Structure formats: structure tokens, C-alpha cells
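Chemist: One structure, pasted below without further comment.
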Amino acid sequence: MKLREIVNQLQLAVKTGADLLDRDVNGGYAGDLLSDVLAHARVGNLWITLHTHPNIVAVASSKDLAGIIVVNGRTPDEETLRKAAEEQIPILISSGSTYSVVCKLGELGIT
Amino acid sequence: MKDDKISEVIRVGKAQVLVYELRVEAAMSTNVCSVSPDDTMEDVRKILKEHAISGLPVVAGDELKGIVSIEDLIESILEGKTADRVSQRMTREPVTICSDDLLVRAINDFGRYRYGRFPVINRQTKKLVGIITKGDIIRCLFKRLESNHYEDELRRYRAGHLFEDIRSDHSSLVLKYNLEGASFEKAGEGSSQLKKNLLRLGIHPDVARRITIASYEAEMNMVIFCKGGTLIATIEPRCVTVNAVDQGPGIPDIARAMEPGYSTAPDWVRELGFGAGMGLPNIKNCSDEMHLDSTVGKGTNLQFKVYTKK
Ligand SMILES: Nc1ncnc2c1ncn2[C@@H]1O[C@H](COP(=O)(O)OP(=O)(O)OP(=O)(O)O)[C@@H](O)[C@H]1O
Ligand SMILES: [Mg+2]
């Protein structure tokens, strides 16, 4: 499924990567331990996290993730957004919790 | 070309970025055929036929007065009035676009107005400087895409053939990233630059990713547990070796540090999502060989190798 459809269905705010929403999402990973994400997320996954600091961009870009959903309506740091734009990582904000985001993604068939 | 088609074409990857970068003047045709308001529809017929086009701007002096299309001509023929002046038949105050408008604006206007062409005027002088059709836009995008693509390929080619072009018994390329006193925010930049360079050297993305992840973990450890350090990547034709060297506190029990889940990370670092105790195990999993040397009070040298050609 395309990132664009997920953005529409979950009503996510697009902070960076508005021009990258044609990316395919092949699954999801939820987690707030960065090393765990590096170990277990798969290339092309959409990552759900509550972190907002610039290291999330480094993780997503090292692992070639499709994008990041930041939960609980948190606002990413300026530096995070700058890096995300540079590294072409879409950052999307959900007002919901990790649990609710994961449930909705599950309903859309993203596993 | 139908409007949904043109938006289809620009949806694909780089083209979409390009239409936000390029301006109308980059795509428009500048040698514009035009007629004067006093010319006749018969004159219009001749010009359209000669140039195989379907519409013309109507110009007096340098000033745009209107636009006359093949539909206007057909109507005049059906009414038997091809001797009419262009000024009687043209569309007045046509929709125009400025030469410094972004291409995306033109694309939107094509969708909105359903005209086949827009006269292009200079924003300040209001004078006619060109004309733009959907075909012009598509041609311009394809040309740009092709040359971008070509440049990318060329860069990769040049770097990728480094080892074949430079003759020696043994060649290696050493990339050094100084992370001395690196701040938390800056951390990760060494491995991110390394990744770009590996890809440029033509190293397979899957292999480059493993090297990047391991380098990132090493970089973060040096930032969190030491006051930074140095990341040195040695690239050889068949293998990439990375050394992460620091003068930090050292690791008292290496076997323990290697255990998944073991971490001495302080609370403030854990709040940021570090400290799962999975960094060193990740490095081991991503690499083909790993050596960890450490002396308490002196520092740590972590080395890992990834074979790029099996
Ligand atoms: N360069 C280093 N200097 C000193 N101690 C280190 C260094 N690298 C690792 N260590 C020690 O080894 C432990 C395990 O490291 P590892 O990278 O596996 O986990 P972590 O950094 O604590 O957590 P994570 O990497 O999952 O965020 C660390 O907690 C730390 O005590
Ligand atoms: Mg670590």
C-alpha cells in the first residue's frame, strides 16, 4: 500500500516528505528502542514511535524504512525535520497512541 | 494528451520534484507564431496549416490582445466568413501564465481550464514571451529526467570503477569521520555520510545497509559512553573494514557487554530510546567479522568487516 493512502486513512499530518508519498509500505514496526528497531524492522517498513529527536531519522535512513509515524501528536524537533527532509524520510504525525495507530494499520491490512 | 495523463506522468518520482523546481520559461517555446488583430481568418488558416499547430496568440505591437484557435477557424469556415478580421473572432483576454511561474502552476491550469495552450507573458512588462502546451511540458520533463539520470549514472560509474582504473597490487580507500566531542544531535552523521559514499562506489544497497547499521551503533556507543571518537572505513575491492576508535572509559567485561540486553546506559539516554543493550549484538549480526578490544581507562577499538563480494 502507498504511504499516501495511509496518510489519508489515518488522517496523518505530513511534516516532511510530501513528495514521497508514492512510496510503498510493505509492513510496519512499532517500537521505541532504537537498536531494537534497527535489529527487527524490515526494509520498507513504516515505523511507529514516540521519539521526536534527530536520531530517529538516522535509524530510519540506516534501515531504509518507508517513513516514520510519530504518535500522541508529539512535535518533532526542528533539527529532526531538517534532517528528515535532507535524508528523504517522510515524518507523519498521528494524534492517536501507538496502540490505536497499529490497530488502524492492521485494519488496512498492513502487518 | 488528456489531463489525467499529464498528472499521471508528473506523479512519478523525480518528475514530481522537477515541476516544483522548473519554471515555465524552461519549457515554453519562444519562437511564437502570431497574428495581428487586423489579419483575416484566411490568414489564420494558412499559418495553422503551414506550422501544423492548432492555435495562435493575437498580438498588436508586443501586446497580447487575444487568442485564436482552430475551433474559431472552423466556425468561420462553416459560416462562410473567412474574410472576417481576427479581432472579430478571437477570444479576448485569454488566460495567460507568467514566464517565472512554476511548472506545477501551468499543469494545474491545464487541468482547470481545458485549453490546449497558454500564452506566456513577462510578469513585469506583460509582453508576450512564449507559448506553452502540455507537449512542451512533457518534453521538457523527459529531457531533464534523462540528463539527471545520466549524471547519477555517470557519477556512480566513475566512483564504481575506481578500483579497476587505479592499478596497484593493492588499493584501498580510507574514509575517516571525526566524532570527537560529537553532540547527541550530530550523532549518526558519520554513518549517514558513509552510506552515501558506499552507494556511490557501487556497493550493493543491502551490503551498504549492513555496514551503515553497524557503523551507526558504533557511532552511538562512542557518543553515549565516551566523548566521541573516530570512525574509519577502509574500502577495498572485496571488503569494507570499519574501525571505531575511542579514548573513552573502556569496557571492563567484553563478554558481558556483548550479551543482548546488557546495558549501562544512564536513564536520560534510555528515555531517548537507547540502552536496549542491542547495539553490539546488532553489529555482530550485520558484519562478517567483529573484533572488540578494550582497555579500561584507555579506550576501545571496535573493528568489523563486511565482505562486499562473496
Ligand atoms: N565505546 C564504548 N566505550 C565504553 N563502553 C561501551 C562502548 N560501547 C559499548 N559499551 C558498553 O557496552 C554496553 C553494551 O553496548 P550495546 O551497544 O550493546 O548496548 P547499549 O549501547 O547500552 O544499548 P543500545 O545499543 O541498545 O542502545 C554498553 O551499555 C556499555 O556499557
Ligand atoms: Mg549501543
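A note on labels: chains of the C-alpha cells are A, B, ... as shown, every chain counts residues from 1, and ligands are counted from 1 in their shown order.
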Considering only C-alpha atoms, tabulate each residue of chain A that lies at most 8 Å from chain B along with its nearest interatomic pair and the corresponding distance in Å to one decimal; arrange the rows by chain and ascending residue number and present them as a tab-separated table.
Modeler:
residue	atom	partner	partner_atom	distance
A:Asp19	CA	B:Val17	CA	6.9
A:Leu20	CA	B:Gly13	CA	7.5
A:Asp22	CA	B:Gly13	CA	7.8
A:Asp32	CA	B:Gly273	CA	5.5
A:Leu33	CA	B:Gly273	CA	4.5
A:Leu34	CA	B:Gly273	CA	5.4
A:Ser35	CA	B:Met278	CA	5.6
A:Asp36	CA	B:Met278	CA	6.6
A:Leu38	CA	B:Ile213	CA	7.0
A:Ala39	CA	B:Asn282	CA	6.1
A:His51	CA	B:Leu272	CA	6.8
A:His53	CA	B:Glu185	CA	7.6
A:Pro54	CA	B:Glu185	CA	6.0
A:Asn55	CA	B:Gly188	CA	6.9
A:Ala58	CA	B:Gly188	CA	5.7
A:Val59	CA	B:Ile213	CA	7.9
A:Ser61	CA	B:Ser192	CA	7.6
A:Ser62	CA	B:Ile213	CA	5.5
A:Lys63	CA	B:Arg209	CA	6.5
A:Asp64	CA	B:Arg209	CA	7.8
A:Glu79	CA	B:Glu185	CA	7.9
Chemist: Can you spit out the residues from that selection as a compact mmCIF listing (two decimals), in the first residue's frame, using all heavy atoms?
Modeler:
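The result, written out as out_37.txt:
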# COMPACT_ATOMS: atom_id res chain seq x y z
N ASP A 19 6.41 14.93 -0.97
CA ASP A 19 6.64 14.48 -2.34
C ASP A 19 7.07 13.01 -2.41
O ASP A 19 7.41 12.50 -3.46
CB ASP A 19 7.71 15.35 -3.02
CG ASP A 19 9.00 15.39 -2.22
OD1 ASP A 19 8.95 15.17 -0.99
OD2 ASP A 19 10.06 15.63 -2.82
N LEU A 20 7.04 12.33 -1.25
CA LEU A 20 7.50 10.94 -1.24
C LEU A 20 6.37 9.96 -0.93
O LEU A 20 6.61 8.80 -0.63
CB LEU A 20 8.61 10.76 -0.19
CG LEU A 20 9.83 11.69 -0.34
CD1 LEU A 20 10.72 11.58 0.89
CD2 LEU A 20 10.61 11.36 -1.59
N ASP A 22 4.32 8.43 -2.62
CA ASP A 22 4.08 7.31 -3.52
C ASP A 22 4.88 6.08 -3.14
O ASP A 22 4.82 5.06 -3.80
CB ASP A 22 4.40 7.71 -4.96
CG ASP A 22 3.25 8.50 -5.55
OD1 ASP A 22 2.09 8.11 -5.29
OD2 ASP A 22 3.50 9.50 -6.23
N ASP A 32 10.15 1.73 20.55
CA ASP A 32 10.83 2.95 20.98
C ASP A 32 12.27 2.69 21.40
O ASP A 32 12.94 3.57 21.91
CB ASP A 32 10.04 3.61 22.11
CG ASP A 32 8.65 4.00 21.62
OD1 ASP A 32 8.54 4.47 20.48
OD2 ASP A 32 7.67 3.80 22.37
N LEU A 33 12.73 1.47 21.22
CA LEU A 33 14.14 1.17 21.47
C LEU A 33 14.84 1.14 20.12
O LEU A 33 14.56 0.29 19.27
CB LEU A 33 14.28 -0.19 22.16
CG LEU A 33 13.79 -0.20 23.61
CD1 LEU A 33 13.73 -1.62 24.14
CD2 LEU A 33 14.69 0.66 24.49
N LEU A 34 15.74 2.09 19.93
CA LEU A 34 16.29 2.29 18.59
C LEU A 34 17.05 1.06 18.08
O LEU A 34 16.91 0.66 16.93
CB LEU A 34 17.19 3.52 18.57
CG LEU A 34 16.54 4.82 19.08
CD1 LEU A 34 17.47 6.01 18.88
CD2 LEU A 34 15.20 5.10 18.41
N SER A 35 17.84 0.46 18.93
CA SER A 35 18.61 -0.71 18.50
C SER A 35 17.69 -1.88 18.14
O SER A 35 18.00 -2.68 17.27
CB SER A 35 19.57 -1.18 19.59
OG SER A 35 20.60 -0.25 19.73
N ASP A 36 16.58 -1.94 18.84
CA ASP A 36 15.61 -2.99 18.55
C ASP A 36 15.00 -2.77 17.17
O ASP A 36 14.83 -3.72 16.39
CB ASP A 36 14.52 -2.98 19.63
CG ASP A 36 13.36 -3.89 19.26
OD1 ASP A 36 13.60 -5.11 19.17
OD2 ASP A 36 12.25 -3.38 19.03
N LEU A 38 16.45 -1.19 14.72
CA LEU A 38 17.50 -1.50 13.75
C LEU A 38 17.63 -3.00 13.54
O LEU A 38 17.92 -3.47 12.45
CB LEU A 38 18.84 -0.92 14.21
CG LEU A 38 19.01 0.58 14.00
CD1 LEU A 38 20.28 1.07 14.66
CD2 LEU A 38 19.02 0.91 12.52
N ALA A 39 17.41 -3.75 14.62
CA ALA A 39 17.56 -5.20 14.51
C ALA A 39 16.36 -5.86 13.84
O ALA A 39 16.51 -6.80 13.08
CB ALA A 39 17.79 -5.81 15.88
N HIS A 51 9.35 8.85 19.79
CA HIS A 51 10.51 9.73 19.84
C HIS A 51 10.41 10.86 18.82
O HIS A 51 9.82 10.68 17.75
CB HIS A 51 11.79 8.95 19.59
CG HIS A 51 12.12 8.02 20.71
ND1 HIS A 51 12.30 8.47 22.00
CD2 HIS A 51 12.27 6.68 20.75
CE1 HIS A 51 12.55 7.43 22.77
NE2 HIS A 51 12.53 6.32 22.04
N HIS A 53 13.43 13.07 18.52
CA HIS A 53 14.79 13.63 18.34
C HIS A 53 15.42 13.14 17.03
O HIS A 53 14.97 12.16 16.44
CB HIS A 53 15.66 13.31 19.56
CG HIS A 53 15.76 11.85 19.87
ND1 HIS A 53 16.60 11.00 19.21
CD2 HIS A 53 15.08 11.09 20.76
CE1 HIS A 53 16.46 9.79 19.69
NE2 HIS A 53 15.54 9.81 20.63
N PRO A 54 16.47 13.84 16.60
CA PRO A 54 17.02 13.61 15.25
C PRO A 54 17.50 12.17 15.01
O PRO A 54 17.58 11.76 13.86
CB PRO A 54 18.22 14.55 15.18
CG PRO A 54 17.96 15.60 16.19
CD PRO A 54 17.16 14.97 17.27
N ASN A 55 17.79 11.42 16.06
CA ASN A 55 18.28 10.06 15.84
C ASN A 55 17.26 9.15 15.16
O ASN A 55 17.64 8.15 14.56
CB ASN A 55 18.76 9.46 17.15
CG ASN A 55 20.22 9.81 17.39
OD1 ASN A 55 21.09 9.28 16.74
ND2 ASN A 55 20.46 10.76 18.28
N ALA A 58 18.20 9.05 11.62
CA ALA A 58 19.37 8.21 11.36
C ALA A 58 18.97 6.74 11.33
O ALA A 58 19.41 5.97 10.47
CB ALA A 58 20.43 8.45 12.44
N VAL A 59 18.09 6.35 12.25
CA VAL A 59 17.65 4.95 12.29
C VAL A 59 16.87 4.61 11.01
O VAL A 59 17.15 3.61 10.34
CB VAL A 59 16.78 4.68 13.54
CG1 VAL A 59 16.08 3.34 13.45
CG2 VAL A 59 17.64 4.76 14.80
N SER A 61 16.90 6.04 8.16
CA SER A 61 17.68 6.09 6.94
C SER A 61 18.69 4.94 6.87
O SER A 61 18.90 4.36 5.81
CB SER A 61 18.30 7.48 6.82
OG SER A 61 19.62 7.42 6.43
N SER A 62 19.29 4.57 8.01
CA SER A 62 20.20 3.41 8.00
C SER A 62 19.46 2.17 7.53
O SER A 62 20.01 1.32 6.85
CB SER A 62 20.72 3.07 9.40
OG SER A 62 21.30 4.17 10.00
N LYS A 63 18.21 2.06 7.95
CA LYS A 63 17.46 0.83 7.72
C LYS A 63 16.61 0.90 6.46
O LYS A 63 15.89 -0.03 6.12
CB LYS A 63 16.58 0.60 8.95
CG LYS A 63 15.97 -0.76 9.07
CD LYS A 63 16.95 -1.79 9.58
CE LYS A 63 16.40 -3.19 9.38
NZ LYS A 63 17.24 -4.22 9.96
N ASP A 64 16.67 2.05 5.76
CA ASP A 64 15.83 2.27 4.57
C ASP A 64 14.36 1.99 4.86
O ASP A 64 13.69 1.23 4.14
CB ASP A 64 16.31 1.42 3.39
CG ASP A 64 17.65 1.90 2.87
OD1 ASP A 64 17.84 3.12 2.76
OD2 ASP A 64 18.54 1.07 2.59
N GLU A 79 15.49 20.20 14.20
CA GLU A 79 16.64 19.50 13.62
C GLU A 79 16.20 18.15 13.01
O GLU A 79 16.72 17.73 11.99
CB GLU A 79 17.69 19.32 14.73
CG GLU A 79 18.96 18.64 14.29
CD GLU A 79 19.76 19.41 13.25
OE1 GLU A 79 19.43 20.58 12.96
OE2 GLU A 79 20.71 18.81 12.70
Chemist: Using only C-alpha atoms, determine which residues lie at most 12 Å from A:Ala18, disregarding the query and same-chain residues fewer than 6 positions distant; provide the list as a list in words.
Modeler: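 Result of the neighbour search: Leu3, Arg4, Val7, Leu12, Gly67, Ala84, Ala85, Gln88, Ile89, Pro90, Ile91 and Leu92 of chain A; Arg11, Gly13, Gln16 and Val17 of chain B.
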Chemist: Would you mind listing what lies within 10 Å of stretch 65-70 of chain B as an MDAnalysis selection string, with only C-alpha atoms counted and same-chain residues fewer than 3 positions away left out?
Modeler: chainID B and resid 34:37 41 44:45 48:49 53:62 73:76 86:87 89:96 115:119 128
Chemist: Where in stretch 70-310 of chain B does DSSP assign strand (DSSP E or B), given as an MDAnalysis selection string?
Modeler: chainID B and resid 85 91:92 97:98 102 117:121 128:133 173:178 230:236 239:246 289:295 299:307
Chemist: So, counting only C-alpha atoms and all ligand atoms, which residue among B:Val296, B:Ile131, B:Leu141, B:Ile203 is closest to ligand 1?
Modeler: B:Val296
Chemist: So, counting only C-alpha atoms, which residue among A:Ile68, A:Leu46, A:Gly31, A:Val57 is closest to A:Arg82?
Modeler: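 Distance minimum relative to A:Arg82 lands on A:Val57.
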Chemist: Have a look at B:Leu292, B:Leu64, B:Leu162, B:Leu78 and name the one nearest to B:Lys126; count only C-alpha atoms.
Modeler: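 Ranked by minimum distance to B:Lys126, first place goes to B:Leu64.
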Chemist: In terms of the shortest atom-to-atom distance over only C-alpha atoms and all ligand atoms, which of B:Phe163, B:Phe142, B:Trp268, B:Tyr113 is closest to ligand 1?
Modeler: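 Of B:Phe163, B:Phe142, B:Trp268, B:Tyr113, the one nearest ligand 1 is B:Trp268, counting only C-alpha atoms and all ligand atoms.
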Chemist: Between atom CA of A:Asn8 and atom CA of A:Cys103, what distance in Å does the model show, to one decimal?
Modeler: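 According to the coordinates, atom CA of A:Asn8 and atom CA of A:Cys103 are separated by 15.5 Å.
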Chemist: With distances taken over only C-alpha atoms and all ligand atoms, which residue among B:Phe225, B:Phe110, B:Tyr177, B:Tyr307 lies nearest ligand 1?
Modeler: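 Closest to ligand 1 of all the choices is B:Phe225.
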Chemist: Grab the atom 19 (O, counted along the ligand's line) of ligand 1 to atom CA of B:Ile254 distance for me, in Å with one decimal place.
Modeler: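 Spanning atom 19 (O, counted along the ligand's line) of ligand 1 to atom CA of B:Ile254 is a straight-line distance of 11.6 Å.
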Chemist: Counting only C-alpha atoms, what is within 8 Å of B:Val223, bar same-chain residues fewer than 5 positions away, as an mmCIF file with N, CA, C and O atoms, in the first residue's frame?
Modeler:
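The resulting file, part_7.cif, is shown below:
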data_model
loop_
_atom_site.group_PDB
_atom_site.id
_atom_site.type_symbol
_atom_site.label_atom_id
_atom_site.label_comp_id
_atom_site.auth_asym_id
_atom_site.auth_seq_id
_atom_site.Cartn_x
_atom_site.Cartn_y
_atom_site.Cartn_z
ATOM 1 N N LEU B 179 34.485 12.088 15.153
ATOM 2 C CA LEU B 179 33.317 12.308 16.002
ATOM 3 C C LEU B 179 33.751 12.798 17.370
ATOM 4 O O LEU B 179 33.055 12.640 18.365
ATOM 5 N N GLY B 181 34.027 14.699 20.463
ATOM 6 C CA GLY B 181 33.116 15.668 21.089
ATOM 7 C C GLY B 181 31.799 15.824 20.348
ATOM 8 O O GLY B 181 31.143 16.847 20.457
ATOM 9 N N ALA B 182 31.425 14.811 19.575
ATOM 10 C CA ALA B 182 30.180 14.904 18.810
ATOM 11 C C ALA B 182 28.992 15.038 19.757
ATOM 12 O O ALA B 182 28.942 14.391 20.797
ATOM 13 N N SER B 183 28.072 15.900 19.406
ATOM 14 C CA SER B 183 26.896 16.082 20.245
ATOM 15 C C SER B 183 25.885 14.991 19.903
ATOM 16 O O SER B 183 25.996 14.305 18.897
ATOM 17 N N PHE B 184 24.909 14.875 20.744
ATOM 18 C CA PHE B 184 23.893 13.870 20.551
ATOM 19 C C PHE B 184 23.132 14.077 19.253
ATOM 20 O O PHE B 184 22.813 13.135 18.539
ATOM 21 N N ALA B 187 25.168 13.080 16.207
ATOM 22 C CA ALA B 187 25.497 11.660 16.107
ATOM 23 C C ALA B 187 24.669 11.007 15.003
ATOM 24 O O ALA B 187 23.498 11.300 14.845
ATOM 25 N N GLY B 228 32.924 10.904 22.271
ATOM 26 C CA GLY B 228 33.118 10.782 20.825
ATOM 27 C C GLY B 228 34.300 9.896 20.506
ATOM 28 O O GLY B 228 34.861 9.231 21.379
ATOM 29 N N GLY B 229 34.684 9.883 19.245
ATOM 30 C CA GLY B 229 35.772 9.022 18.795
ATOM 31 C C GLY B 229 35.953 9.195 17.309
ATOM 32 O O GLY B 229 35.564 10.226 16.754
#
Chemist: Between atom CA of B:Gln303 and atom CA of B:Gly250, what is the distance in Å, rounded to a tenth?
Modeler: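 A separation of 14.6 Å between them.
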Chemist: Just want the 12 Å neighbourhood of B:Arg105, counted on only C-alpha atoms, with same-chain residues fewer than 3 positions away dropped. Output as a PyMOL selection string.
Modeler: chain B and resi 7+19-24+96-102+108-112+118+137
Chemist: Using only C-alpha atoms and all ligand atoms, find the one residue out of B:Asn243, B:Ser294, B:Ser171, B:Asn178 that sits nearest to ligand 1.
Modeler: B:Ser294
Chemist: Excluding B:Ser172 and any residue of its chain fewer than 4 positions from it, enumerate the residues within 10 Å of it, using only C-alpha atoms, and give them as a list in words.
Modeler: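 Once the nearby chain positions are removed, what remains is Leu162, Phe163, Ser168, Ala233, Thr234, Ile235, Glu236, Pro237, Cys239 and Val240 of chain B.
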Chemist: Produce a file of the selected residues containing all heavy atoms, as a CSV table (one decimal), in the first residue's frame.
Modeler:
chain,number,residue,atom,x,y,z
B,162,LEU,N,36.6,3.0,-9.7
B,162,LEU,CA,37.9,3.4,-9.0
B,162,LEU,C,38.9,2.4,-8.9
B,162,LEU,O,40.1,2.5,-9.3
B,162,LEU,CB,37.5,3.9,-7.6
B,162,LEU,CG,38.5,4.8,-6.9
B,162,LEU,CD1,38.7,6.1,-7.6
B,162,LEU,CD2,38.1,5.0,-5.5
B,163,PHE,N,38.5,1.2,-8.4
B,163,PHE,CA,39.5,0.2,-8.2
B,163,PHE,C,40.0,-0.5,-9.5
B,163,PHE,O,41.1,-1.0,-9.5
B,163,PHE,CB,38.9,-0.9,-7.2
B,163,PHE,CG,38.8,-0.4,-5.8
B,163,PHE,CD1,37.5,-0.3,-5.3
B,163,PHE,CD2,39.9,0.0,-5.1
B,163,PHE,CE1,37.4,0.2,-4.0
B,163,PHE,CE2,39.8,0.5,-3.8
B,163,PHE,CZ,38.5,0.7,-3.3
B,168,SER,N,47.3,-1.1,-9.0
B,168,SER,CA,48.3,-1.3,-8.0
B,168,SER,C,48.2,-2.7,-7.5
B,168,SER,O,47.2,-3.4,-7.9
B,168,SER,CB,48.2,-0.4,-6.8
B,168,SER,OG,47.2,-0.9,-5.9
B,233,ALA,N,36.6,4.0,7.9
B,233,ALA,CA,36.1,2.9,7.0
B,233,ALA,C,37.2,2.7,5.9
B,233,ALA,O,37.6,3.7,5.2
B,233,ALA,CB,34.8,3.3,6.3
B,234,THR,N,37.7,1.5,5.8
B,234,THR,CA,38.7,1.2,4.8
B,234,THR,C,38.0,0.3,3.7
B,234,THR,O,37.5,-0.8,4.0
B,234,THR,CB,39.9,0.4,5.4
B,234,THR,OG1,40.3,1.2,6.5
B,234,THR,CG2,41.0,0.2,4.4
B,235,ILE,N,37.9,0.9,2.5
B,235,ILE,CA,37.2,0.2,1.5
B,235,ILE,C,38.2,-0.4,0.5
B,235,ILE,O,39.1,0.2,0.0
B,235,ILE,CB,36.3,1.2,0.7
B,235,ILE,CG1,35.3,1.8,1.7
B,235,ILE,CG2,35.5,0.5,-0.4
B,235,ILE,CD1,34.8,3.2,1.3
B,236,GLU,N,38.1,-1.7,0.4
B,236,GLU,CA,38.9,-2.5,-0.5
B,236,GLU,C,38.0,-3.2,-1.6
B,236,GLU,O,36.8,-3.2,-1.4
B,236,GLU,CB,39.7,-3.5,0.3
B,236,GLU,CG,40.8,-2.8,1.1
B,236,GLU,CD,41.3,-3.8,2.2
B,236,GLU,OE1,40.6,-4.0,3.2
B,236,GLU,OE2,42.5,-4.2,2.1
B,237,PRO,N,38.6,-3.7,-2.6
B,237,PRO,CA,37.8,-4.2,-3.7
B,237,PRO,C,36.8,-5.3,-3.2
B,237,PRO,O,35.7,-5.4,-3.8
B,237,PRO,CB,38.8,-4.8,-4.7
B,237,PRO,CG,40.0,-4.0,-4.5
B,237,PRO,CD,40.0,-3.6,-3.0
B,239,CYS,N,36.0,-5.9,0.3
B,239,CYS,CA,35.7,-5.9,1.7
B,239,CYS,C,35.7,-4.5,2.2
B,239,CYS,O,36.5,-3.7,1.8
B,239,CYS,CB,36.8,-6.7,2.4
B,239,CYS,SG,36.8,-6.7,4.2
B,240,VAL,N,34.8,-4.2,3.1
B,240,VAL,CA,34.9,-2.9,3.8
B,240,VAL,C,35.2,-3.2,5.3
B,240,VAL,O,34.5,-4.0,5.9
B,240,VAL,CB,33.5,-2.1,3.7
B,240,VAL,CG1,33.6,-0.9,4.5
B,240,VAL,CG2,33.3,-1.8,2.3
